[in-house]
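Here's the structure we're looking at; comments come further down.
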Amino acid sequence: MKNPLVSVIIPTYKEEKYIEATLRSIKNQDYKGKYEIIVVDSNSRDRTVEIAKKFADKVVITKKRGVSVGRNIGAKISKGNLLIFVDADTILLPNVITKVVKHLRKKSVVGVVVPIICDDLVDNIFYFTASWVYYLLTKLRLHPVYAVCFGCKREAFFQVGGFDERLHVGEDIDLGSRLKKLGDVEYIKDTFAITSSRRIKRWKVFKQLKAWPLGYFSFKLLNKQPKYPPVR
């Protein structure tokens with residue numbers, strides 16, 4: 001399939017400050033094939049849905065909260081052969097979809113991680129370090145997933161059961177651990193996405209690390225979630 005249909009899925013909750021820039025960056029992709037934009041909103045009371053309807057092909061409202069819930073709903077109503085999940089405060093370079101599709105055309109590849117930088121120079125230390133750790137882990141064939149901007153094959157996503165909706169953090173690491181049983185998860189090196197540094201500014205690095213990725217291992221080993229409310 002030369003230019004497969006791509007579904008870009010964005011979970012939202014009270015994202016009126018960021019969602020327009022995110023959606024504009026997705027609308028302005030250089031991908032030669034067709035793609036649809038799906039926003040799944042957790043019943044926001046601000047202007048998120050109003051803004052999303054100006055740019056998205058589908059806007060769905062759910063009363064359930066959580067990024068995993070939103071992503072799974074978006075995947076179920078999507079029509080694309082390939083799925084790309086993007087956080088609501090994240091801007092894509094114009095070639096992101098093209099590069100994701102290029103990697104996912106490989107038979108052995110089931111997922112693709114897009115490198116992340118953030119909009120603050122100081123906080124970029126955290127994201128730069130995280131991105132290189134993910135790159136090294138893919139080289140070790142551990143195949144982690146970083147869901148700020150992540151693509152995968154539709155069939156593989158549903159075969160492993162999608163995102164675990166019980167998880168408030170580490171849902172991306174968990175998905176990667178299941179996807180790696182089906183094939184490779186590659187790390188793209190010739191494009192990136194820009195995400196907001198708001199969480200690090202609010203939490204600082206230690207709390208961020210405690211929630212992610214350590215929160216995932218706390219759940220898996222001790223069945224305990226960190227104190228982290230569902231978002232989007």
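Quick note on naming: the chains in the structure tokens go A, B, ... in the order shown, residues restart at 1 in each chain, and ligands are numbered from 1 in order of appearance.
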
Tell me which protein, DNA and RNA residues are within 12 Å of Lys76 of chain A, counting only C-alpha atoms, leaving out same-chain ones fewer than 6 positions away, and put them as a PyMOL selection string.
chain A and resi 7+9+38+40+60+69-70+83+154-155+157-158+161-163

I'd like the neighbourhood of segment 178-194 of chain A as a list in words, where a residue qualifies if any of its atoms comes within 6 Å (using only C-alpha atoms), though same-chain residues fewer than 3 positions away should be ignored.
Thr90, Ile91, Leu92, Leu93, Ser108, Val109, Val110, Gly111, Val112, Val113, Val114, Pro115, Ile116, Ile117, Cys118, Tyr135, His143 and Leu175 of chain A

Please indicate the distance in Å from atom CA of Ser25 of chain A to atom CA of Pro94 of chain A, rounded to one decimal place.
6.9 Å

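The gap separating atom CA of Phe150 of chain A from atom CA of Val96 of chain A is 10.1 Å, in Å to one decimal.
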
Return as JSON, numbers by chain the full set of residues in segment 5-142 of chain A whose backbone-based DSSP assignment is strand (DSSP E).
{"A": [6, 7, 8, 9, 10, 11, 12, 35, 36, 37, 38, 39, 40, 41, 58, 59, 60, 61, 82, 83, 84, 85, 86, 90, 91, 92, 109, 110, 111, 112, 113, 116, 117, 118]}

Distance atom CA of Glu15 of chain A-atom CA of Val67 of chain A, one decimal place?
12.9 Å

Can you work out which one of A:Asn3, A:Lys27, A:Ser68, A:Tyr13 has the shortest atom-to-atom distance to Ser44 of chain A, counting only C-alpha atoms?
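Of A:Asn3, A:Lys27, A:Ser68, A:Tyr13, the one nearest Ser44 of chain A, counting only C-alpha atoms, is A:Tyr13.
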
Which residue gives the smallest distance to Glu16 of chain A among A:Val100, A:Ala88, A:Val148, A:Ile61, with only C-alpha atoms counted?
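The shortest atom-to-atom distance to Glu16 of chain A comes from A:Ala88.
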
Closest to Arg105 of chain A among A:Ile73, A:Lys2, A:Thr62, A:Asn28, using only C-alpha atoms?
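Of A:Ile73, A:Lys2, A:Thr62, A:Asn28, the one nearest Arg105 of chain A is A:Lys2, counting only C-alpha atoms.
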